[in-house]
Amino acid sequence: MGKPLSEAPITQLSAVDFMSGDMPSRLAHEFERVGPLMRWPVLGGPQMGSEIIFLGGPEANKLVFHTQREAFSHDLGWTPIIGDILGKGLLNQDNGEWLRSRKMWNPAFTTAYMERYLPLIQEVVAQHTSTWGARGVVDIYQEAREITFHVAATALAGIEQPAEVDRLQKLFFALIPRFGPFMASQADYDAYEREALAARDELDAMLLRLIAERRATPAEQARDVLGMIVHARDEQGQGLTDTEVLGHLNVLLIAGHETTTTLAAWTLYLLTALPEQRQRVEDELAGLLAGGHAPLSVEAARQLHALDLFIRETGRLHAPVQNVPRGVVAEVEFAGYTLPAGTPARLALAACHRMPQYFAEPERFDPDRFSAPREEDRKTPYALVTFGGGPRLCIGVNFANIEVKAIAVDVLRRYQLAPVSAEPPMEFGFITTVIPGGMPMRVTPR
């Protein structure tokens with residue numbers, strides 16, 4: 001029997017630390033100081049006065065993602081954050097409900113369908129980046145957000161008209177809470193809820209129309225993920241209801257672009273900030289893509305080894321999800337302590353990526369750490385968890401990787417970028433990462 005949580009160490013981090021932009025490193029240092037489990041008293045917001053248990057390190061990742069995954073609820077972790085307004089999807093379903101949904105969604109994310117999605121991705125990317133040269137200065141964080149949402153709307157729901165995509169994005173933005181654990185007052189939340197409920201009504205009407213259109217189209221003519229999922233059947237021959245499809249679409253459209261936005265934006269920024277690394281990637285493109293001008297195929301994307309390592313290292317240092325929320329639903333022991341049912345937990349993914357015992361010089365950008373013979377990610381399983389791990393590894397990991405590669409290839413071919421400011425972008429986050437000041441870049445056509 002483990003010790004009670006009341007005996008676990010308390011982290012000394014304050015709200016200022018959590019909003020400093022350096023939270024992953026500070027949290028990693030705390031884990032080194034007190035061990036892989038610690039209590040954090042919530043200092044503000046609607047949860048003020050409660051405690052959250054932070055878990056950190058590869059063994060914690062393995063516990064939550066694999067060996068004791070059924071003791072940690074996604075629903076109790078994510079739904080209070082993303083809200084009931086979005087409904088249920090792969091992100092916030094548990095156990096049997098999730099397994100049924102995952103089996104039905106899996107075919108839409110196979111390699112065969114990546115071949116279908118990649119031309120759509122490249123078309124959307126080229127459409128958005130075509131204006132950069134004339135504009136002179138662009139915010140690549142905002143541009144990445146618009147590109148990734150447009151890609152998600154096109155590939156997932158088949159929405160192609162720019163005006164309709166823009167409206168859909170505005171509605172989804174209204175559904176996302178825009179405050180962290182320290183800032184939300186009841187008035188803030190009430191205002192958000194009013195706006196979100198109004199947006200949801202319009203959004204539901206738009207998506208229900210699309211669902212009806214896809215149900216009326218034969219399954220063999222499906223041209224997007226929505227067209228596939230409305231015809232998918234489980235092992236008992238049952239399909240998803242309109243309400244279930246709505247929940248999945250809501251969660252996938254948000255999760256499918258917010259996290260990829262962060263990864264794509266930092267990839268573009270670091271390709272600009274690190275010229276030697278950029279040259280390695282450009283040399284690789286020239287060798288594999290006929291001087292860098294041939295279209296990107298799925299097979300070619302797989303062979304972009306230098307770019308793949310670059311993106312992997314970007315995800316390590318700038319993890320789109322910093323701390324994964326879970327609710328404990330069955331008593332579990334870890335690091336000598338007992339976590340009873342009802343415990344709110346946070347799995348510190350980004351902090352694990354900064355731990356020197358697993359990653360040499362963890363603050364240094366070094367893509368070669370993933371190459372043989374070093375292979376730091378393989379030497380310690382569950383040390384690199386940018387997209388999660390275990391059976392619930394993000395279903396969109398391959399889609400996101402190819403999308404970021406397509407964005408990087410397009411921009412490297414067309415433009416030279418230079419940061420407007422000598423200061424690096426400020427990022428912070430508690431659950432997901434945000435870049436409040438954006439990433440303004442000067443753009444020069446090649």
# chains A, B, ... in the order shown; residues from 1 in each chain; ligands from 1
>>> residues_around(residues="region 100-104 of chain A", least_positions_apart="6", cutoff="8 Å", atoms="only C-alpha atoms", output="PDB file with C-alpha atoms, in the first residue's frame")
ATOM      1  CA  LEU A  90     -11.900  10.331 -29.584  1.00  0.00           C
ATOM      2  CA  ILE A 229     -17.639   7.884 -41.050  1.00  0.00           C
ATOM      3  CA  ALA A 232     -18.972   3.172 -40.981  1.00  0.00           C
ATOM      4  CA  ARG A 233     -20.390   0.304 -38.951  1.00  0.00           C
ATOM      5  CA  ASP A 234     -19.221  -1.331 -35.725  1.00  0.00           C
TER       6      ASP A 234
END
>>> residues_around(residues="Pro119 (chain A)", least_positions_apart="2", cutoff="10 Å", atoms="only C-alpha atoms", output="number ranges by chain")
A: 114-117, 121-125, 295-298, 406
>>> residues_around(residues="Ala350 (chain A)", least_positions_apart="2", cutoff="7 Å", atoms="only C-alpha atoms", output="count of residues only")
8
>>> closest_residue(among="A:Thr444, A:Thr243, A:Gln357, A:Asn398", to="Lys379 (chain A)", atoms="only C-alpha atoms")
A:Gln357
>>> residues_around(residues="Val34 (chain A)", least_positions_apart="3", cutoff="12 Å", atoms="only C-alpha atoms", output="list in words")
Ala8, Pro9, Ile10, Thr11, Gln12, Leu27, Ala28, His29, Glu30, Phe31, Leu37, Met38, Arg39, Phe54, Leu55, Gly56 and Ala335 of chain A
>>> write_last_selection(atoms="N, CA and C atoms", output="mmCIF file, in the first residue's frame")
data_model
loop_
_atom_site.group_PDB
_atom_site.id
_atom_site.type_symbol
_atom_site.label_atom_id
_atom_site.label_comp_id
_atom_site.auth_asym_id
_atom_site.auth_seq_id
_atom_site.Cartn_x
_atom_site.Cartn_y
_atom_site.Cartn_z
ATOM 1 N N ALA A 8 2.795 13.563 -0.111
ATOM 2 C CA ALA A 8 3.576 13.822 -1.327
ATOM 3 C C ALA A 8 4.117 15.246 -1.307
ATOM 4 N N PRO A 9 5.259 15.496 -1.961
ATOM 5 C CA PRO A 9 5.837 16.848 -1.975
ATOM 6 C C PRO A 9 4.958 17.832 -2.729
ATOM 7 N N ILE A 10 5.050 19.083 -2.324
ATOM 8 C CA ILE A 10 4.317 20.170 -2.975
ATOM 9 C C ILE A 10 5.286 20.945 -3.859
ATOM 10 N N THR A 11 4.900 21.214 -5.083
ATOM 11 C CA THR A 11 5.748 21.999 -5.968
ATOM 12 C C THR A 11 5.771 23.454 -5.518
ATOM 13 N N GLN A 12 6.909 24.083 -5.711
ATOM 14 C CA GLN A 12 7.064 25.489 -5.331
ATOM 15 C C GLN A 12 6.710 26.446 -6.469
ATOM 16 N N LEU A 27 9.253 22.998 -14.671
ATOM 17 C CA LEU A 27 8.570 21.820 -14.144
ATOM 18 C C LEU A 27 9.507 20.613 -14.154
ATOM 19 N N ALA A 28 10.351 20.509 -15.192
ATOM 20 C CA ALA A 28 11.338 19.425 -15.229
ATOM 21 C C ALA A 28 12.289 19.519 -14.040
ATOM 22 N N HIS A 29 12.726 20.734 -13.710
ATOM 23 C CA HIS A 29 13.612 20.922 -12.561
ATOM 24 C C HIS A 29 12.911 20.535 -11.261
ATOM 25 N N GLU A 30 11.615 20.820 -11.181
ATOM 26 C CA GLU A 30 10.865 20.426 -9.985
ATOM 27 C C GLU A 30 10.806 18.909 -9.845
ATOM 28 N N PHE A 31 10.605 18.202 -10.947
ATOM 29 C CA PHE A 31 10.593 16.740 -10.878
ATOM 30 C C PHE A 31 11.960 16.202 -10.446
ATOM 31 N N LEU A 37 6.319 12.580 -8.810
ATOM 32 C CA LEU A 37 4.938 12.897 -8.419
ATOM 33 C C LEU A 37 4.971 14.053 -7.435
ATOM 34 N N MET A 38 4.109 15.039 -7.674
ATOM 35 C CA MET A 38 4.052 16.167 -6.746
ATOM 36 C C MET A 38 2.677 16.816 -6.782
ATOM 37 N N ARG A 39 2.355 17.484 -5.693
ATOM 38 C CA ARG A 39 1.080 18.194 -5.575
ATOM 39 C C ARG A 39 1.275 19.659 -5.950
ATOM 40 N N PHE A 54 0.673 16.381 -10.281
ATOM 41 C CA PHE A 54 1.496 16.324 -11.485
ATOM 42 C C PHE A 54 2.327 15.040 -11.480
ATOM 43 N N LEU A 55 2.337 14.358 -12.628
ATOM 44 C CA LEU A 55 3.153 13.169 -12.834
ATOM 45 C C LEU A 55 4.116 13.459 -13.972
ATOM 46 N N GLY A 56 5.398 13.084 -13.817
ATOM 47 C CA GLY A 56 6.367 13.402 -14.851
ATOM 48 C C GLY A 56 7.418 12.331 -15.048
ATOM 49 N N ALA A 335 5.136 5.776 -7.780
ATOM 50 C CA ALA A 335 6.234 6.449 -7.063
ATOM 51 C C ALA A 335 6.071 6.362 -5.547
#
>>> residues_around(residues="Ile435 (chain A)", least_positions_apart="3", cutoff="12 Å", atoms="only C-alpha atoms", output="list of chain:residue names")
A:Met19, A:Ser20, A:Gly21, A:Asp139, A:Ile140, A:Tyr141, A:Gln142, A:Ala144, A:Arg145, A:Glu258, A:Thr259, A:Thr261, A:Thr262, A:Leu263, A:Ala265, A:Trp266, A:His318, A:Pro320, A:Pro424, A:Pro425, A:Met426, A:Glu427, A:Phe428, A:Gly429, A:Thr432, A:Gly438, A:Met439, A:Pro440
>>> write_last_selection(atoms="C-alpha atoms", output="PDB file, in the first residue's frame")
ATOM      1  CA  MET A  19       2.757  31.782 -17.311  1.00  0.00           C
ATOM      2  CA  SER A  20       6.455  32.592 -17.761  1.00  0.00           C
ATOM      3  CA  GLY A  21       7.000  30.895 -21.107  1.00  0.00           C
ATOM      4  CA  ASP A 139       2.466  36.238 -38.906  1.00  0.00           C
ATOM      5  CA  ILE A 140       3.364  32.602 -39.550  1.00  0.00           C
ATOM      6  CA  TYR A 141       1.587  31.499 -36.381  1.00  0.00           C
ATOM      7  CA  GLN A 142      -1.705  32.962 -37.607  1.00  0.00           C
ATOM      8  CA  ALA A 144      -0.357  28.213 -39.825  1.00  0.00           C
ATOM      9  CA  ARG A 145      -3.628  28.338 -37.891  1.00  0.00           C
ATOM     10  CA  GLU A 258      -4.740  23.629 -32.933  1.00  0.00           C
ATOM     11  CA  THR A 259      -1.894  21.234 -32.167  1.00  0.00           C
ATOM     12  CA  THR A 261      -0.712  24.915 -35.829  1.00  0.00           C
ATOM     13  CA  THR A 262       1.867  25.068 -33.034  1.00  0.00           C
ATOM     14  CA  LEU A 263       4.081  22.391 -34.560  1.00  0.00           C
ATOM     15  CA  ALA A 265       4.635  27.482 -36.846  1.00  0.00           C
ATOM     16  CA  TRP A 266       7.638  26.497 -34.737  1.00  0.00           C
ATOM     17  CA  HIS A 318       7.760  22.961 -28.331  1.00  0.00           C
ATOM     18  CA  PRO A 320       1.727  21.422 -28.661  1.00  0.00           C
ATOM     19  CA  PRO A 424      12.293  34.796 -29.911  1.00  0.00           C
ATOM     20  CA  PRO A 425       8.523  34.291 -29.786  1.00  0.00           C
ATOM     21  CA  MET A 426       6.996  34.022 -26.327  1.00  0.00           C
ATOM     22  CA  GLU A 427       5.015  30.841 -25.764  1.00  0.00           C
ATOM     23  CA  PHE A 428       3.182  29.699 -22.696  1.00  0.00           C
ATOM     24  CA  GLY A 429       0.561  27.199 -21.769  1.00  0.00           C
ATOM     25  CA  THR A 432      -1.926  23.408 -24.733  1.00  0.00           C
ATOM     26  CA  GLY A 438       2.457  35.539 -32.875  1.00  0.00           C
ATOM     27  CA  MET A 439       5.503  35.050 -35.116  1.00  0.00           C
ATOM     28  CA  PRO A 440       5.814  38.032 -37.490  1.00  0.00           C
TER      29      PRO A 440
END
>>> residues_around(residues="Ala301 (chain A)", least_positions_apart="5", cutoff="12 Å", atoms="only C-alpha atoms", output="list in words")
Thr111, Met114, Glu115, Leu118, Glu284, Leu285, Leu288, Leu289, Ala294, Pro295, Leu296, Ala306, Leu307, Asp308, Asn398, Phe399, Asn401, Ile402, Glu403, Val404, Lys405, Ala406, Ile407, Ala408 and Val409 of chain A
>>> select_by_dssp(residues="region 4-201 of chain A", states="strand (DSSP E)", output="list in words")
Leu37, Met38, Arg39, Trp40, Pro41, Glu51, Ile52, Ile53, Phe54, Leu55, Phe72, Ser73, Val137, Val138 and Asp139 of chain A
>>> residues_around(residues="region 149-162 of chain A", least_positions_apart="6", cutoff="8 Å", atoms="only C-alpha atoms", output="ChimeraX atom specification")
/A:117,120-121,124,169,210,223-227,249,253,256-258
>>> write_last_selection(atoms="N, CA and C atoms", output="compact mmCIF listing (two decimals), in the first residue's frame")
# COMPACT_ATOMS: atom_id res chain seq x y z
N TYR A 117 -5.33 12.47 -49.33
CA TYR A 117 -5.35 13.76 -48.63
C TYR A 117 -4.22 14.68 -49.07
N LEU A 120 -4.82 17.44 -51.59
CA LEU A 120 -5.68 18.47 -50.99
C LEU A 120 -4.88 19.38 -50.07
N ILE A 121 -4.03 18.77 -49.25
CA ILE A 121 -3.20 19.54 -48.33
C ILE A 121 -2.33 20.52 -49.10
N VAL A 124 -4.29 23.46 -50.56
CA VAL A 124 -4.66 24.45 -49.54
C VAL A 124 -3.44 25.28 -49.13
N GLN A 169 -14.35 28.44 -39.05
CA GLN A 169 -13.26 28.69 -38.12
C GLN A 169 -13.67 29.67 -37.04
N LEU A 210 -24.26 19.00 -43.69
CA LEU A 210 -23.21 18.22 -44.34
C LEU A 210 -23.39 16.72 -44.06
N ARG A 223 -15.59 11.06 -50.39
CA ARG A 223 -14.37 11.77 -50.80
C ARG A 223 -13.71 12.50 -49.64
N ASP A 224 -14.26 12.35 -48.43
CA ASP A 224 -13.65 12.96 -47.25
C ASP A 224 -13.95 12.07 -46.04
N VAL A 225 -13.37 12.41 -44.91
CA VAL A 225 -13.53 11.58 -43.71
C VAL A 225 -14.99 11.53 -43.28
N LEU A 226 -15.69 12.63 -43.36
CA LEU A 226 -17.10 12.65 -42.96
C LEU A 226 -17.90 11.68 -43.81
N GLY A 227 -17.61 11.65 -45.11
CA GLY A 227 -18.32 10.73 -45.99
C GLY A 227 -18.07 9.28 -45.62
N LEU A 249 -16.71 15.27 -35.00
CA LEU A 249 -16.26 16.34 -35.89
C LEU A 249 -15.77 17.55 -35.11
N LEU A 253 -11.93 18.55 -35.49
CA LEU A 253 -11.61 19.81 -36.16
C LEU A 253 -10.78 20.71 -35.27
N GLY A 256 -7.47 18.64 -34.48
CA GLY A 256 -6.75 18.43 -35.71
C GLY A 256 -6.07 19.65 -36.27
N HIS A 257 -6.38 20.83 -35.70
CA HIS A 257 -5.68 22.00 -36.25
C HIS A 257 -4.95 22.80 -35.18
N GLU A 258 -5.42 22.83 -33.95
CA GLU A 258 -4.74 23.63 -32.93
C GLU A 258 -3.33 23.10 -32.64
>>> closest_residue(among="A:Arg346, A:His128, A:Arg200, A:Ala134", to="Glu146 (chain A)", atoms="only C-alpha atoms")
A:His128
>>> select_by_dssp(residues="region 57-224 of chain A", states="helix (DSSP H, G or I)", output="JSON, numbers by chain")
{"A": [58, 59, 60, 61, 62, 63, 64, 65, 66, 67, 69, 70, 71, 74, 75, 76, 77, 78, 79, 80, 81, 82, 84, 85, 86, 90, 91, 92, 95, 96, 97, 98, 99, 100, 101, 102, 103, 104, 105, 106, 107, 108, 109, 111, 112, 113, 114, 115, 116, 117, 118, 119, 120, 121, 122, 123, 124, 125, 126, 127, 128, 129, 132, 133, 134, 135, 140, 141, 142, 143, 144, 145, 146, 147, 148, 149, 150, 151, 152, 153, 154, 155, 156, 157, 162, 163, 164, 165, 166, 167, 168, 169, 170, 171, 172, 173, 174, 175, 186, 187, 188, 189, 190, 191, 192, 193, 194, 195, 196, 197, 198, 199, 200, 201, 202, 203, 204, 205, 206, 207, 208, 209, 210, 211, 212, 213, 214, 215, 219, 220, 221]}
